[in-house]
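Let me begin by presenting the structure, written as structure tokens, before commenting on it.
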Amino acid sequence: MSVRTGLVLVVMNTTPTPDNPVDGTPIPANEAPDHHTRASRSVCGSLAVLGFILAAAITAAASLGYIRLPFSAVLHIMGAHLCDQPDWLTAYDPIWSVVVTEVRLPRILCSAVVGAGLAMCGVVFQGILLNPLADPYTLGVSAGAAFGAAVALLLNIAMLGFFSVPLFAFAGAAATLFVVIYLSSDGSGLSSTNLILAGIIVAAILSAGLSFIKYVADEQVSVIIFWLMGSFAARTWTDVGLVTMAVSLGAAVCTFFARDLNLLALGERPAAALGVDFQRVTLVLLVTASLVAAVCVAVSGIIGFVGLLVPHLMRMLVGPDNRGLLPVSMLAGALLLLGADTLTRAVLPQEIPIGVLTALVGGPFFCYVFRKRQKEQAL
Amino acid sequence: MSVVPVFEIHDVTFGYPQCPVLDGASLTLSGGRFYGLLGPNGCGKTTLLDLMAGLKQPDSGTIAFRGRPLGAYRRRELAREIALVPQNFYINFPFTVHDVVMMGRYPHLPRFAHPGADDHRQVQNAMMITDTVRFARQSVTALSGGERQRVVFARALAQNTGVLMLDEATANLDIRHTLALLGRTRERVRNGGQTVIAVFQDVNLAALYCDELLFLQDGRIASQGPTDKVMKAEILQAIYGVEGRIRPHTEYGLPQVDFKR
């Protein structure tokens with residue numbers, strides 16, 4: 001398959017039909033099409049381009065902010081720390097080094113890794129739920145996290161110090177996931193309709209609970225609302241380490257099952273007939289993706305649209321094969337969230353919550369893409 | 001051809017206690033033959049195929065595939081032995097036709113391997129047989145029902161298995177493609193020793209291609225045998241409750257039935 005410009009846009013360069021294909025005269029081996037090589041070339045190309053842009057974006061983002069640093073200085077400072085050459089730093093104000101490595105980079109890397117994680121979860125959820133409109137929060141992970149965080153904030157729980165709120169958010173998300181899976185598993189196993197329904201029901205209950213908490217929260221209500229809207233402000237290397245670990249583990253599991261995820265798109269019976277242990281693969285991927293999403297939410301609050309938008313757009317670019325779609329989406333998600341965070345941190349006159357920004361920009365853009373696709377399909 | 005039967009099914013039951021789908025079905029199928037599975041709607045034809053393909057587990061009874069219990073096979077192992085063309089097929093993502101047919105090679109390929117020249121040849125061959133080459137790079141979501149069914153047929157052919165199960169695989173096809181595909185399938189049985197188990201609604205079509213017919217009724221095998229032995233007016237009357245007269249096919253002499261209105 002080649003690079004596409006539309007979800008179902010047909011590539012024009014079709015193979016000529018042989019005169020009597022039904023008779024199926026044997027074909028010489030050298031006529032075998034090179035679809036595969038072309039597809040992987042398109043994936044590799046996208047990966048290389050996205051990887052380069054991401055590296056450039058990280059450097060650029062580190063130079064932007066309240067103190068504007070020269071690009072070259074940022075490169076030098078990052079190089080000095082990466083290669084362990086402290087004498088490279090002598091040319092610069094010591095505060096610059098602190099700004100780059102202790103203030104900006106943790107936040108930048110955090111946003112990039114969370115973006116990658118959310119995009120990865122989006123690919124997996126869309127694949128499992130057979131629904132291109134699913135996102136990492138379809139199973140109520142965000143509602144569970146929001147509820148958990150709100151409880152921690154309301155009760156002022158600080159027994160676990162700085163990590164209380166993220167831990168409660170994670171616990172809420174994980175608990176929600178298991179309730180949803182329990183509710184949706186009948187005798188024959190997990191069906192995507194059941195999962196989506198159970199997710200909606202549980203999320204509705206939790207959001208009512210959240211409203212109640214906000215109602216009784218008095219002066220805490222603004223803290224809760226602020227947390228819910230998501231932010232990468234004041235993230236530390238600990239956050240980066242945590243979320244990187246979760247996302248890499250998740251990525252390893254998802255990559256391992258990426259080909260099976262392709263087959264899941266055919267439905268249970270055909271997938272099983274092609275050798276996939278449907279129930280096991282579904283469960284493993286569902287739990288992995290949800291836990292990664294839960295860690296992302298715990299670290300950054302609720303950031304919508306990345307998990308929905310990125311897999312969707314990347315599918316138009318590299319096709320639906322999850323083996324290519326997963327890595328490409330992860331890079332694109334990292335780039336998108338890093339861009340959004342840099343925009344709100346360093347470009348806009350006033351920092352606005354990143355969850356609001358992604359929804360405000362991502363929503364209309366998605367409408368545009370969706371509409372365009374409908375028109376193409378109608379043709 | 002080996003002497004071990006391909007399938008030995010003994011006293012298999014499946015379903016709910018109040019309404020069993022299969023209720024003590026037993027049969028033995030030998031290799032290199034074209035079997036037609038017939039019976040009224042809801043008599044358990046699809047369920048029997050699912051059980052034989054290992055997609056469902058029987059509540060009781062045993063199924064042996066090539067002399068080994070079906071449960072002793074791993075899923076991927078079975079996928080290299082048995083291919084299934086389902087009745088309905090729906091896909092939500094814009095995989096190209098070529099991609100979908102290539103999925104038939106997955107069971108033969110290690111998880112992270114790229115398809116080789118042989119895989120590409122088999123895929124191309126399967127697409128030629130099913131007349132789907134001209135859609136190779138189109139998205140399956142853009143095809144009509146009949147075209148999509150041919151793509152799924154191609155995928156099963158690319159899977160290149162010893163056993164091919166057709167669950168009304170030609171139900172949505174026009175007559176030209178139906179005859180062409182069943183003809184090619186029959187050739188593979190004759191020359192390649194493939195075993196085919198096909199569910200049919202059309203009794204005459206089944207009689208034209210199948211070596212043996214199996215009639216399923218109320219969850220049991222009501223009648224089984226070579227086509228000319230079981231294609232009888234009394235049997236059709238007993239199974240479907242319809243009247244008809246058997247006559248030889250004008251070209252091949254095979255039994256065909258003229259139904260009374």
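Residues are referred to by chain and number: the chain letter is A, B, ... according to the order shown in the structure tokens, the number counts from 1 in that chain, and ligands are numbered separately from 1 in the order shown.
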Considering only C-alpha atoms, tabulate each residue of chain B that lies at most 7 Å from chain A along with its nearest interatomic pair and the corresponding distance in Å to one decimal; arrange the rows by chain and ascending residue number and present them as JSON lines.
```
{"residue": "B:Leu55", "atom": "CA", "partner": "A:Ala272", "partner_atom": "CA", "distance": 6.5}
{"residue": "B:Arg75", "atom": "CA", "partner": "A:Gly275", "partner_atom": "CA", "distance": 4.8}
{"residue": "B:Arg76", "atom": "CA", "partner": "A:Gly275", "partner_atom": "CA", "distance": 4.0}
{"residue": "B:Leu78", "atom": "CA", "partner": "A:Gly275", "partner_atom": "CA", "distance": 6.9}
{"residue": "B:Ala79", "atom": "CA", "partner": "A:Gly275", "partner_atom": "CA", "distance": 4.9}
{"residue": "B:Ala83", "atom": "CA", "partner": "A:Ala273", "partner_atom": "CA", "distance": 6.6}
{"residue": "B:Leu84", "atom": "CA", "partner": "A:Ala273", "partner_atom": "CA", "distance": 6.4}
{"residue": "B:Tyr90", "atom": "CA", "partner": "A:Leu266", "partner_atom": "CA", "distance": 6.7}
{"residue": "B:Ile91", "atom": "CA", "partner": "A:Leu266", "partner_atom": "CA", "distance": 5.5}
{"residue": "B:Asn92", "atom": "CA", "partner": "A:Leu130", "partner_atom": "CA", "distance": 6.2}
{"residue": "B:Phe93", "atom": "CA", "partner": "A:Pro320", "partner_atom": "CA", "distance": 6.4}
{"residue": "B:Pro94", "atom": "CA", "partner": "A:Val8", "partner_atom": "CA", "distance": 6.0}
{"residue": "B:Phe95", "atom": "CA", "partner": "A:Pro320", "partner_atom": "CA", "distance": 5.9}
{"residue": "B:Thr96", "atom": "CA", "partner": "A:Met1", "partner_atom": "CA", "distance": 6.9}
{"residue": "B:Gly104", "atom": "CA", "partner": "A:Leu274", "partner_atom": "CA", "distance": 6.9}
{"residue": "B:Pro107", "atom": "CA", "partner": "A:Gly275", "partner_atom": "CA", "distance": 6.1}
{"residue": "B:His120", "atom": "CA", "partner": "A:Ala32", "partner_atom": "CA", "distance": 5.6}
{"residue": "B:Arg121", "atom": "CA", "partner": "A:Ala32", "partner_atom": "CA", "distance": 5.7}
{"residue": "B:Gln124", "atom": "CA", "partner": "A:Ala32", "partner_atom": "CA", "distance": 6.5}
{"residue": "B:Asn125", "atom": "CA", "partner": "A:Ile27", "partner_atom": "CA", "distance": 6.9}
{"residue": "B:Met128", "atom": "CA", "partner": "A:Pro21", "partner_atom": "CA", "distance": 5.0}
{"residue": "B:Ile129", "atom": "CA", "partner": "A:Gly24", "partner_atom": "CA", "distance": 4.9}
{"residue": "B:Thr130", "atom": "CA", "partner": "A:Val22", "partner_atom": "CA", "distance": 6.4}
{"residue": "B:Asp131", "atom": "CA", "partner": "A:Pro21", "partner_atom": "CA", "distance": 5.3}
{"residue": "B:Val133", "atom": "CA", "partner": "A:Thr17", "partner_atom": "CA", "distance": 6.4}
{"residue": "B:Arg134", "atom": "CA", "partner": "A:Thr17", "partner_atom": "CA", "distance": 5.2}
{"residue": "B:Arg137", "atom": "CA", "partner": "A:Met1", "partner_atom": "CA", "distance": 6.4}
{"residue": "B:Gln138", "atom": "CA", "partner": "A:Val10", "partner_atom": "CA", "distance": 5.4}
{"residue": "B:Ser139", "atom": "CA", "partner": "A:Val8", "partner_atom": "CA", "distance": 6.1}
{"residue": "B:Ala180", "atom": "CA", "partner": "A:Val22", "partner_atom": "CA", "distance": 6.4}
```
Which neighbours of Leu331 of chain A fall inside 7 Å, counting only C-alpha atoms, when residues of the same chain fewer than 3 positions from it are skipped, and could you give them as number ranges by chain?
A: 50-51, 116, 327-328, 334-335
Would you mind exporting C-alpha atoms of the selected residues as a CSV table (one decimal), in the first residue's frame?
```
chain,number,residue,atom,x,y,z
A,50,LEU,CA,8.7,12.7,12.4
A,51,GLY,CA,11.8,11.6,14.5
A,116,ALA,CA,3.2,9.2,22.6
A,327,PRO,CA,5.3,3.8,16.0
A,328,VAL,CA,4.3,6.6,13.6
A,334,ALA,CA,4.7,13.2,21.1
A,335,LEU,CA,5.1,16.0,18.6
```
Distance query Gln217 of chain B at most 12 Å, only C-alpha atoms, self and fewer than 2 positions along chain excluded, as a PyMOL selection string
chain B and resi 20-25+37-45+48+214-215+219-224+235-236+238-241
The selected residues should be written to file as a PDB file, in the first residue's frame (atoms: N, CA and C atoms).
```pdb
ATOM      1  N   PRO B  20     -30.734 -27.110  22.475  1.00  0.00           N
ATOM      2  CA  PRO B  20     -29.429 -27.533  21.975  1.00  0.00           C
ATOM      3  C   PRO B  20     -29.297 -27.225  20.492  1.00  0.00           C
ATOM      4  N   VAL B  21     -28.123 -26.688  20.109  1.00  0.00           N
ATOM      5  CA  VAL B  21     -27.872 -26.436  18.697  1.00  0.00           C
ATOM      6  C   VAL B  21     -27.424 -27.740  18.039  1.00  0.00           C
ATOM      7  N   LEU B  22     -26.483 -28.410  18.704  1.00  0.00           N
ATOM      8  CA  LEU B  22     -26.075 -29.735  18.250  1.00  0.00           C
ATOM      9  C   LEU B  22     -26.405 -30.719  19.363  1.00  0.00           C
ATOM     10  N   ASP B  23     -26.922 -31.856  18.987  1.00  0.00           N
ATOM     11  CA  ASP B  23     -27.437 -32.787  19.993  1.00  0.00           C
ATOM     12  C   ASP B  23     -27.011 -34.202  19.616  1.00  0.00           C
ATOM     13  N   GLY B  24     -25.755 -34.494  19.856  1.00  0.00           N
ATOM     14  CA  GLY B  24     -25.267 -35.839  19.569  1.00  0.00           C
ATOM     15  C   GLY B  24     -24.920 -36.061  18.121  1.00  0.00           C
ATOM     16  N   ALA B  25     -24.207 -35.090  17.522  1.00  0.00           N
ATOM     17  CA  ALA B  25     -23.799 -35.253  16.128  1.00  0.00           C
ATOM     18  C   ALA B  25     -22.528 -36.103  16.060  1.00  0.00           C
ATOM     19  N   LEU B  37     -22.489 -29.640   3.264  1.00  0.00           N
ATOM     20  CA  LEU B  37     -23.255 -29.690   4.507  1.00  0.00           C
ATOM     21  C   LEU B  37     -24.570 -28.970   4.273  1.00  0.00           C
ATOM     22  N   LEU B  38     -25.662 -29.706   4.388  1.00  0.00           N
ATOM     23  CA  LEU B  38     -26.971 -29.154   4.048  1.00  0.00           C
ATOM     24  C   LEU B  38     -27.930 -29.300   5.211  1.00  0.00           C
ATOM     25  N   GLY B  39     -28.982 -28.523   5.187  1.00  0.00           N
ATOM     26  CA  GLY B  39     -29.992 -28.614   6.234  1.00  0.00           C
ATOM     27  C   GLY B  39     -30.760 -27.320   6.346  1.00  0.00           C
ATOM     28  N   PRO B  40     -31.914 -27.372   7.024  1.00  0.00           N
ATOM     29  CA  PRO B  40     -32.737 -26.165   7.158  1.00  0.00           C
ATOM     30  C   PRO B  40     -32.012 -25.081   7.977  1.00  0.00           C
ATOM     31  N   ASN B  41     -32.505 -23.843   7.860  1.00  0.00           N
ATOM     32  CA  ASN B  41     -31.934 -22.738   8.636  1.00  0.00           C
ATOM     33  C   ASN B  41     -31.960 -23.075  10.121  1.00  0.00           C
ATOM     34  N   GLY B  42     -30.893 -22.727  10.805  1.00  0.00           N
ATOM     35  CA  GLY B  42     -30.865 -22.901  12.254  1.00  0.00           C
ATOM     36  C   GLY B  42     -30.679 -24.334  12.704  1.00  0.00           C
ATOM     37  N   CYS B  43     -30.221 -25.227  11.808  1.00  0.00           N
ATOM     38  CA  CYS B  43     -30.075 -26.613  12.216  1.00  0.00           C
ATOM     39  C   CYS B  43     -28.693 -26.888  12.800  1.00  0.00           C
ATOM     40  N   GLY B  44     -27.817 -25.869  12.780  1.00  0.00           N
ATOM     41  CA  GLY B  44     -26.509 -26.040  13.420  1.00  0.00           C
ATOM     42  C   GLY B  44     -25.349 -26.214  12.459  1.00  0.00           C
ATOM     43  N   LYS B  45     -25.549 -25.845  11.178  1.00  0.00           N
ATOM     44  CA  LYS B  45     -24.474 -26.032  10.198  1.00  0.00           C
ATOM     45  C   LYS B  45     -23.250 -25.192  10.550  1.00  0.00           C
ATOM     46  N   LEU B  48     -21.517 -26.362  13.674  1.00  0.00           N
ATOM     47  CA  LEU B  48     -20.697 -27.552  13.436  1.00  0.00           C
ATOM     48  C   LEU B  48     -19.353 -27.167  12.814  1.00  0.00           C
ATOM     49  N   LEU B 214     -23.974 -34.215   3.461  1.00  0.00           N
ATOM     50  CA  LEU B 214     -24.341 -34.459   4.854  1.00  0.00           C
ATOM     51  C   LEU B 214     -25.577 -33.628   5.140  1.00  0.00           C
ATOM     52  N   PHE B 215     -26.628 -34.287   5.581  1.00  0.00           N
ATOM     53  CA  PHE B 215     -27.830 -33.533   5.933  1.00  0.00           C
ATOM     54  C   PHE B 215     -27.926 -33.427   7.441  1.00  0.00           C
ATOM     55  N   GLY B 219     -29.853 -30.797  15.001  1.00  0.00           N
ATOM     56  CA  GLY B 219     -28.601 -30.985  15.725  1.00  0.00           C
ATOM     57  C   GLY B 219     -27.962 -32.347  15.551  1.00  0.00           C
ATOM     58  N   ARG B 220     -28.463 -33.152  14.633  1.00  0.00           N
ATOM     59  CA  ARG B 220     -27.827 -34.449  14.361  1.00  0.00           C
ATOM     60  C   ARG B 220     -27.638 -34.619  12.861  1.00  0.00           C
ATOM     61  N   ILE B 221     -26.733 -35.553  12.511  1.00  0.00           N
ATOM     62  CA  ILE B 221     -26.578 -35.900  11.109  1.00  0.00           C
ATOM     63  C   ILE B 221     -27.724 -36.844  10.758  1.00  0.00           C
ATOM     64  N   ALA B 222     -28.641 -36.363   9.923  1.00  0.00           N
ATOM     65  CA  ALA B 222     -29.807 -37.171   9.590  1.00  0.00           C
ATOM     66  C   ALA B 222     -29.500 -38.129   8.455  1.00  0.00           C
ATOM     67  N   SER B 223     -28.577 -37.735   7.589  1.00  0.00           N
ATOM     68  CA  SER B 223     -28.312 -38.560   6.424  1.00  0.00           C
ATOM     69  C   SER B 223     -26.941 -38.183   5.870  1.00  0.00           C
ATOM     70  N   GLN B 224     -26.178 -39.200   5.468  1.00  0.00           N
ATOM     71  CA  GLN B 224     -24.848 -38.924   4.956  1.00  0.00           C
ATOM     72  C   GLN B 224     -24.487 -39.970   3.923  1.00  0.00           C
ATOM     73  N   ILE B 235     -35.551 -38.158   1.125  1.00  0.00           N
ATOM     74  CA  ILE B 235     -34.679 -37.498   2.103  1.00  0.00           C
ATOM     75  C   ILE B 235     -34.945 -36.003   2.137  1.00  0.00           C
ATOM     76  N   LEU B 236     -35.065 -35.377   0.943  1.00  0.00           N
ATOM     77  CA  LEU B 236     -35.337 -33.942   0.901  1.00  0.00           C
ATOM     78  C   LEU B 236     -36.677 -33.637   1.564  1.00  0.00           C
ATOM     79  N   ALA B 238     -38.019 -35.391   3.979  1.00  0.00           N
ATOM     80  CA  ALA B 238     -37.867 -35.557   5.423  1.00  0.00           C
ATOM     81  C   ALA B 238     -37.107 -34.386   6.048  1.00  0.00           C
ATOM     82  N   ILE B 239     -36.092 -33.906   5.340  1.00  0.00           N
ATOM     83  CA  ILE B 239     -35.253 -32.845   5.921  1.00  0.00           C
ATOM     84  C   ILE B 239     -35.930 -31.494   5.822  1.00  0.00           C
ATOM     85  N   TYR B 240     -36.362 -31.126   4.613  1.00  0.00           N
ATOM     86  CA  TYR B 240     -36.868 -29.771   4.400  1.00  0.00           C
ATOM     87  C   TYR B 240     -38.398 -29.705   4.397  1.00  0.00           C
ATOM     88  N   GLY B 241     -39.047 -30.851   4.284  1.00  0.00           N
ATOM     89  CA  GLY B 241     -40.504 -30.840   4.171  1.00  0.00           C
ATOM     90  C   GLY B 241     -40.979 -30.256   2.857  1.00  0.00           C
TER      91      GLY B 241
END
```
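If you look at atom CA of Ile246 of chain B and atom CA of Ala169 of chain B, they are 25.5 Å away from each other.
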Residue contacts of Asp341 of chain A (9 Å, only C-alpha atoms) excluding same-chain residues fewer than 6 positions away, as a list in words
Arg107, Ile108, Ser111, Ser231, Phe232, Pro353, Ile354 and Leu357 of chain A
Could those selected residues go to a file with C-alpha atoms, as a CSV table (one decimal), in the first residue's frame?
```csv
chain,number,residue,atom,x,y,z
A,107,ARG,CA,8.3,19.3,31.3
A,108,ILE,CA,9.1,19.0,27.6
A,111,SER,CA,4.6,16.2,27.5
A,231,SER,CA,-1.1,20.6,32.9
A,232,PHE,CA,2.6,19.8,32.5
A,353,PRO,CA,-4.7,24.4,30.5
A,354,ILE,CA,-3.4,22.0,27.9
A,357,LEU,CA,-6.1,23.8,24.3
```
Quick one: residues within 8 Å of Gly230 of chain A, only C-alpha atoms, excluding same-chain residues fewer than 3 positions away - as a list in words?
Phe226, Trp227, Ser300, Gly301, Ile302, Ile303, Pro353, Ile354, Gly355 and Val356 of chain A
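Excluding segment 200-211 of chain B itself and any same-chain residue fewer than 2 positions from it, the protein and nucleic acid residues within 7 Å of it, counting only C-alpha atoms, are Arg33, Phe34, Tyr35, Gly36, Leu37, Leu38, Glu168, Arg186, Ala198, Leu213, Pro226, Thr227, Leu254, Pro255, Gln256 and Val257 of chain B.
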Dump of C-alpha atoms for the selected residues, as a PDB file, in the first residue's frame:
```pdb
ATOM      1  CA  ARG B  33     -13.124 -35.144  -0.695  1.00  0.00           C
ATOM      2  CA  PHE B  34     -15.623 -32.377  -1.271  1.00  0.00           C
ATOM      3  CA  TYR B  35     -18.340 -32.508   1.385  1.00  0.00           C
ATOM      4  CA  GLY B  36     -21.560 -30.540   1.220  1.00  0.00           C
ATOM      5  CA  LEU B  37     -23.255 -29.690   4.507  1.00  0.00           C
ATOM      6  CA  LEU B  38     -26.971 -29.154   4.048  1.00  0.00           C
ATOM      7  CA  GLU B 168     -22.133 -20.220   2.354  1.00  0.00           C
ATOM      8  CA  ARG B 186     -13.134 -28.905  -6.834  1.00  0.00           C
ATOM      9  CA  ALA B 198     -19.005 -26.439   2.371  1.00  0.00           C
ATOM     10  CA  LEU B 213     -23.631 -34.768   1.138  1.00  0.00           C
ATOM     11  CA  PRO B 226     -22.243 -40.169  -1.740  1.00  0.00           C
ATOM     12  CA  THR B 227     -24.274 -37.558  -3.577  1.00  0.00           C
ATOM     13  CA  LEU B 254     -25.488 -35.898 -11.681  1.00  0.00           C
ATOM     14  CA  PRO B 255     -28.707 -35.924  -9.631  1.00  0.00           C
ATOM     15  CA  GLN B 256     -30.607 -32.649  -9.641  1.00  0.00           C
ATOM     16  CA  VAL B 257     -33.942 -31.876  -8.091  1.00  0.00           C
TER      17      VAL B 257
END
```
Between B:His10, B:Arg184, B:His114, B:His98, single out the one closest to Pro69 of chain B, counting only C-alpha atoms.
B:His10
If DSSP is run on the backbone, what residues of segment 20-182 of chain B are alpha helix (DSSP H)? A reply as a ChimeraX atom specification would be ideal.
/B:45-52,75-79,97-102,117-129,145-159,175-182
Provide the atom CA of Met78 of chain A to atom CA of Ala252 of chain A distance in Å, to one decimal place.
27.4 Å
Residues flagged strand (DSSP E) by DSSP in segment 45-223 of chain B, as number ranges by chain
B: 60-65, 68-69, 82-85, 163-167, 195-199, 212-217, 220-223
To one decimal place, how far is atom CA of Ile9 of chain B from atom CA of Gly31 of chain B in Å?
14.2 Å
